[in-house]
Amino acid sequence: QVQLVESGGGLVQAGGSLRLSCAASGGGFSINTMNWYRQAPGKQRELVATVSAGGSTNYADSVKGRFTISRDNAKNTVNLQMNSLKPEDGGVYYCNANRFGVEYWGKGTLVTVSS
């Protein structure tokens with residue numbers, strides 16, 4: 001069983017930066033595809049960024065060039081560096097682990113971007 005705990009959310013002004021972290025436990029971290037999702041009020045949860053077990057990354061078009069996902073397999077963590085934040089980036093950010101089709105979720109961390 002994989003447990004995921006997010007941290008780093010908060011209130012930031014538009015144009016600012018935040019760094020989210022997700023700590024994983026339960027073993028096997030290095031084989032997981034790790035994802036960050038977000039959900040704004042009244043909207044569906046959307047995939048923001050992905051890092052594969054091999055380190056390949058993908059981003060939603062809306063965050064390309066501003067967000068960077070990274071993983072540290074030695075520390076069992078995945079981070080999301082968010083720069084040039086916009087009010088529409090606000091929402092609850094969830095860490096997700098996908099292990100051979102089985103998904104695990106954290107409880108989320110709230111990001112609020114003021115204009």
# chains A, B, ... in the order shown; residues from 1 in each chain; ligands from 1
call {"tool": "select_by_dssp", "arguments": {"residues": "chain A", "states": "helix (DSSP H, G or I)", "output": "list in words"}}
result
Phe29, Ser30, Ile31, Asp61, Ser62, Val63, Pro87, Glu88 and Asp89 of chain A
call {"tool": "residues_around", "arguments": {"residues": "Leu11 of chain A", "least_positions_apart": "2", "cutoff": "9 Å", "atoms": "only C-alpha atoms", "output": "PyMOL selection string"}}
result
chain A and resi 9+13+18+110-114
call {"tool": "select_by_dssp", "arguments": {"residues": "chain A", "states": "strand (DSSP E)", "output": "ChimeraX atom specification"}}
result
/A:3-7,10-13,18-25,33-39,46-51,57-59,67-72,77-82,91-99,102-105,109-114
call {"tool": "atom_distance", "arguments": {"atom1": "atom CA of Gly10 of chain A", "atom2": "atom CA of Thr77 of chain A"}}
result
19.1 Å
call {"tool": "residues_around", "arguments": {"residues": "Lys75 of chain A", "least_positions_apart": "6", "cutoff": "12 Å", "atoms": "only C-alpha atoms", "output": "PDB file with C-alpha atoms, in the first residue's frame"}}
result
ATOM      1  CA  SER A  21       6.303  18.248  -2.284  1.00  0.00           C
ATOM      2  CA  CYS A  22       4.872  14.774  -2.028  1.00  0.00           C
ATOM      3  CA  ALA A  23       6.358  12.201   0.305  1.00  0.00           C
ATOM      4  CA  ALA A  24       5.651   8.585  -0.501  1.00  0.00           C
ATOM      5  CA  SER A  25       5.830   5.565   1.741  1.00  0.00           C
ATOM      6  CA  GLY A  27       7.818   0.863  -0.873  1.00  0.00           C
ATOM      7  CA  GLY A  28       8.456   0.612  -4.585  1.00  0.00           C
ATOM      8  CA  PHE A  29       8.578   4.342  -5.212  1.00  0.00           C
ATOM      9  CA  SER A  30      11.056   4.135  -8.060  1.00  0.00           C
TER      10      SER A  30
END
call {"tool": "atom_distance", "arguments": {"atom1": "atom CA of Asn32 of chain A", "atom2": "atom CA of Arg66 of chain A"}}
result
23.9 Å
call {"tool": "residues_around", "arguments": {"residues": "Tyr94 of chain A", "least_positions_apart": "2", "cutoff": "8 Å", "atoms": "only C-alpha atoms", "output": "list in words"}}
result
Glu6, Trp36, Tyr37, Arg38, Val92, Asn96, Trp105, Gly106, Lys107, Gly108 and Thr109 of chain A
call {"tool": "residues_around", "arguments": {"residues": "Asn58 of chain A", "least_positions_apart": "4", "cutoff": "7 Å", "atoms": "only C-alpha atoms", "output": "list in words"}}
result
Ala49, Thr50 and Val51 of chain A
call {"tool": "atom_distance", "arguments": {"atom1": "atom CA of Val102 of chain A", "atom2": "atom CA of Glu46 of chain A"}}
result
17.9 Å
call {"tool": "closest_residue", "arguments": {"among": "A:Tyr93, A:Gly65, A:Ser115, A:Ser84", "to": "Leu47 of chain A", "atoms": "only C-alpha atoms"}}
result
A:Tyr93
call {"tool": "closest_residue", "arguments": {"among": "A:Gly26, A:Ser17, A:Ser7, A:Gly91", "to": "Val48 of chain A", "atoms": "only C-alpha atoms"}}
result
A:Gly91
call {"tool": "residues_around", "arguments": {"residues": "Ile31 of chain A", "least_positions_apart": "5", "cutoff": "9 Å", "atoms": "only C-alpha atoms", "output": "PyMOL selection string"}}
result
chain A and resi 52-54+98-100
call {"tool": "closest_residue", "arguments": {"among": "A:Ser62, A:Thr33, A:Asn73, A:Thr57", "to": "Leu85 of chain A", "atoms": "only C-alpha atoms"}}
result
A:Ser62
call {"tool": "decode", "arguments": {"residues": "segment 39-76 of chain A", "atoms": "N, CA and C atoms", "output": "PDB file, in the first residue's frame"}}
result
ATOM      1  N   GLN A  39      -7.495  20.447  -8.759  1.00  0.00           N
ATOM      2  CA  GLN A  39      -8.934  20.607  -8.915  1.00  0.00           C
ATOM      3  C   GLN A  39      -9.332  21.965  -8.370  1.00  0.00           C
ATOM      4  N   ALA A  40      -9.845  22.788  -9.256  1.00  0.00           N
ATOM      5  CA  ALA A  40     -10.352  24.100  -8.864  1.00  0.00           C
ATOM      6  C   ALA A  40     -11.819  23.953  -8.465  1.00  0.00           C
ATOM      7  N   PRO A  41     -12.318  24.872  -7.660  1.00  0.00           N
ATOM      8  CA  PRO A  41     -13.723  24.788  -7.241  1.00  0.00           C
ATOM      9  C   PRO A  41     -14.660  24.738  -8.442  1.00  0.00           C
ATOM     10  N   GLY A  42     -15.560  23.767  -8.435  1.00  0.00           N
ATOM     11  CA  GLY A  42     -16.532  23.639  -9.501  1.00  0.00           C
ATOM     12  C   GLY A  42     -16.007  23.045 -10.785  1.00  0.00           C
ATOM     13  N   LYS A  43     -14.757  22.611 -10.774  1.00  0.00           N
ATOM     14  CA  LYS A  43     -14.166  22.059 -11.991  1.00  0.00           C
ATOM     15  C   LYS A  43     -13.709  20.626 -11.760  1.00  0.00           C
ATOM     16  N   GLN A  44     -13.497  19.928 -12.859  1.00  0.00           N
ATOM     17  CA  GLN A  44     -12.997  18.562 -12.761  1.00  0.00           C
ATOM     18  C   GLN A  44     -11.511  18.554 -12.419  1.00  0.00           C
ATOM     19  N   ARG A  45     -11.110  17.475 -11.824  1.00  0.00           N
ATOM     20  CA  ARG A  45      -9.697  17.294 -11.535  1.00  0.00           C
ATOM     21  C   ARG A  45      -8.948  17.154 -12.861  1.00  0.00           C
ATOM     22  N   GLU A  46      -7.814  17.826 -12.971  1.00  0.00           N
ATOM     23  CA  GLU A  46      -7.047  17.765 -14.210  1.00  0.00           C
ATOM     24  C   GLU A  46      -5.592  17.404 -13.930  1.00  0.00           C
ATOM     25  N   LEU A  47      -5.012  16.709 -14.884  1.00  0.00           N
ATOM     26  CA  LEU A  47      -3.614  16.325 -14.788  1.00  0.00           C
ATOM     27  C   LEU A  47      -2.735  17.527 -15.113  1.00  0.00           C
ATOM     28  N   VAL A  48      -1.800  17.823 -14.235  1.00  0.00           N
ATOM     29  CA  VAL A  48      -0.926  18.975 -14.401  1.00  0.00           C
ATOM     30  C   VAL A  48       0.452  18.560 -14.908  1.00  0.00           C
ATOM     31  N   ALA A  49       1.024  17.538 -14.289  1.00  0.00           N
ATOM     32  CA  ALA A  49       2.385  17.135 -14.658  1.00  0.00           C
ATOM     33  C   ALA A  49       2.612  15.683 -14.294  1.00  0.00           C
ATOM     34  N   THR A  50       3.475  15.054 -15.078  1.00  0.00           N
ATOM     35  CA  THR A  50       3.796  13.640 -14.901  1.00  0.00           C
ATOM     36  C   THR A  50       5.304  13.442 -14.977  1.00  0.00           C
ATOM     37  N   VAL A  51       5.815  12.541 -14.129  1.00  0.00           N
ATOM     38  CA  VAL A  51       7.204  12.090 -14.282  1.00  0.00           C
ATOM     39  C   VAL A  51       7.181  10.576 -14.219  1.00  0.00           C
ATOM     40  N   SER A  52       7.738   9.955 -15.236  1.00  0.00           N
ATOM     41  CA  SER A  52       7.728   8.499 -15.308  1.00  0.00           C
ATOM     42  C   SER A  52       8.808   7.910 -14.418  1.00  0.00           C
ATOM     43  N   ALA A  53       8.781   6.591 -14.307  1.00  0.00           N
ATOM     44  CA  ALA A  53       9.817   5.905 -13.531  1.00  0.00           C
ATOM     45  C   ALA A  53      11.199   6.192 -14.115  1.00  0.00           C
ATOM     46  N   GLY A  54      11.248   6.370 -15.410  1.00  0.00           N
ATOM     47  CA  GLY A  54      12.522   6.647 -16.066  1.00  0.00           C
ATOM     48  C   GLY A  54      12.923   8.107 -16.081  1.00  0.00           C
ATOM     49  N   GLY A  55      12.041   8.966 -15.571  1.00  0.00           N
ATOM     50  CA  GLY A  55      12.378  10.387 -15.473  1.00  0.00           C
ATOM     51  C   GLY A  55      11.822  11.258 -16.579  1.00  0.00           C
ATOM     52  N   SER A  56      11.082  10.685 -17.520  1.00  0.00           N
ATOM     53  CA  SER A  56      10.464  11.495 -18.564  1.00  0.00           C
ATOM     54  C   SER A  56       9.338  12.323 -17.970  1.00  0.00           C
ATOM     55  N   THR A  57       9.190  13.523 -18.479  1.00  0.00           N
ATOM     56  CA  THR A  57       8.179  14.431 -17.928  1.00  0.00           C
ATOM     57  C   THR A  57       7.204  14.889 -19.003  1.00  0.00           C
ATOM     58  N   ASN A  58       5.988  15.175 -18.569  1.00  0.00           N
ATOM     59  CA  ASN A  58       4.976  15.762 -19.426  1.00  0.00           C
ATOM     60  C   ASN A  58       4.170  16.766 -18.629  1.00  0.00           C
ATOM     61  N   TYR A  59       3.653  17.766 -19.328  1.00  0.00           N
ATOM     62  CA  TYR A  59       2.938  18.845 -18.669  1.00  0.00           C
ATOM     63  C   TYR A  59       1.670  19.199 -19.430  1.00  0.00           C
ATOM     64  N   ALA A  60       0.695  19.664 -18.678  1.00  0.00           N
ATOM     65  CA  ALA A  60      -0.467  20.250 -19.323  1.00  0.00           C
ATOM     66  C   ALA A  60      -0.025  21.510 -20.063  1.00  0.00           C
ATOM     67  N   ASP A  61      -0.675  21.790 -21.174  1.00  0.00           N
ATOM     68  CA  ASP A  61      -0.294  22.964 -21.960  1.00  0.00           C
ATOM     69  C   ASP A  61      -0.352  24.241 -21.128  1.00  0.00           C
ATOM     70  N   SER A  62      -1.301  24.298 -20.213  1.00  0.00           N
ATOM     71  CA  SER A  62      -1.511  25.514 -19.436  1.00  0.00           C
ATOM     72  C   SER A  62      -0.365  25.838 -18.476  1.00  0.00           C
ATOM     73  N   VAL A  63       0.496  24.850 -18.194  1.00  0.00           N
ATOM     74  CA  VAL A  63       1.588  25.080 -17.236  1.00  0.00           C
ATOM     75  C   VAL A  63       2.965  24.922 -17.847  1.00  0.00           C
ATOM     76  N   LYS A  64       3.030  24.558 -19.106  1.00  0.00           N
ATOM     77  CA  LYS A  64       4.337  24.369 -19.750  1.00  0.00           C
ATOM     78  C   LYS A  64       5.158  25.647 -19.689  1.00  0.00           C
ATOM     79  N   GLY A  65       6.415  25.476 -19.334  1.00  0.00           N
ATOM     80  CA  GLY A  65       7.312  26.621 -19.224  1.00  0.00           C
ATOM     81  C   GLY A  65       7.266  27.318 -17.880  1.00  0.00           C
ATOM     82  N   ARG A  66       6.272  26.955 -17.051  1.00  0.00           N
ATOM     83  CA  ARG A  66       6.151  27.601 -15.730  1.00  0.00           C
ATOM     84  C   ARG A  66       6.317  26.606 -14.587  1.00  0.00           C
ATOM     85  N   PHE A  67       5.889  25.374 -14.791  1.00  0.00           N
ATOM     86  CA  PHE A  67       5.963  24.348 -13.751  1.00  0.00           C
ATOM     87  C   PHE A  67       7.033  23.325 -14.107  1.00  0.00           C
ATOM     88  N   THR A  68       7.669  22.791 -13.085  1.00  0.00           N
ATOM     89  CA  THR A  68       8.655  21.736 -13.274  1.00  0.00           C
ATOM     90  C   THR A  68       8.416  20.634 -12.253  1.00  0.00           C
ATOM     91  N   ILE A  69       8.242  19.413 -12.761  1.00  0.00           N
ATOM     92  CA  ILE A  69       8.083  18.255 -11.881  1.00  0.00           C
ATOM     93  C   ILE A  69       9.420  17.536 -11.791  1.00  0.00           C
ATOM     94  N   SER A  70       9.727  17.041 -10.600  1.00  0.00           N
ATOM     95  CA  SER A  70      10.976  16.303 -10.415  1.00  0.00           C
ATOM     96  C   SER A  70      10.760  15.236  -9.350  1.00  0.00           C
ATOM     97  N   ARG A  71      11.578  14.225  -9.399  1.00  0.00           N
ATOM     98  CA  ARG A  71      11.475  13.151  -8.414  1.00  0.00           C
ATOM     99  C   ARG A  71      12.856  12.844  -7.852  1.00  0.00           C
ATOM    100  N   ASP A  72      12.856  12.406  -6.612  1.00  0.00           N
ATOM    101  CA  ASP A  72      14.075  11.967  -5.952  1.00  0.00           C
ATOM    102  C   ASP A  72      13.803  10.570  -5.420  1.00  0.00           C
ATOM    103  N   ASN A  73      14.257   9.579  -6.136  1.00  0.00           N
ATOM    104  CA  ASN A  73      13.969   8.203  -5.753  1.00  0.00           C
ATOM    105  C   ASN A  73      14.662   7.812  -4.445  1.00  0.00           C
ATOM    106  N   ALA A  74      15.773   8.456  -4.131  1.00  0.00           N
ATOM    107  CA  ALA A  74      16.461   8.149  -2.879  1.00  0.00           C
ATOM    108  C   ALA A  74      15.659   8.632  -1.673  1.00  0.00           C
ATOM    109  N   LYS A  75      14.899   9.705  -1.870  1.00  0.00           N
ATOM    110  CA  LYS A  75      14.108  10.273  -0.768  1.00  0.00           C
ATOM    111  C   LYS A  75      12.629   9.945  -0.881  1.00  0.00           C
ATOM    112  N   ASN A  76      12.243   9.222  -1.932  1.00  0.00           N
ATOM    113  CA  ASN A  76      10.831   8.882  -2.148  1.00  0.00           C
ATOM    114  C   ASN A  76       9.946  10.124  -2.196  1.00  0.00           C
TER     115      ASN A  76
END
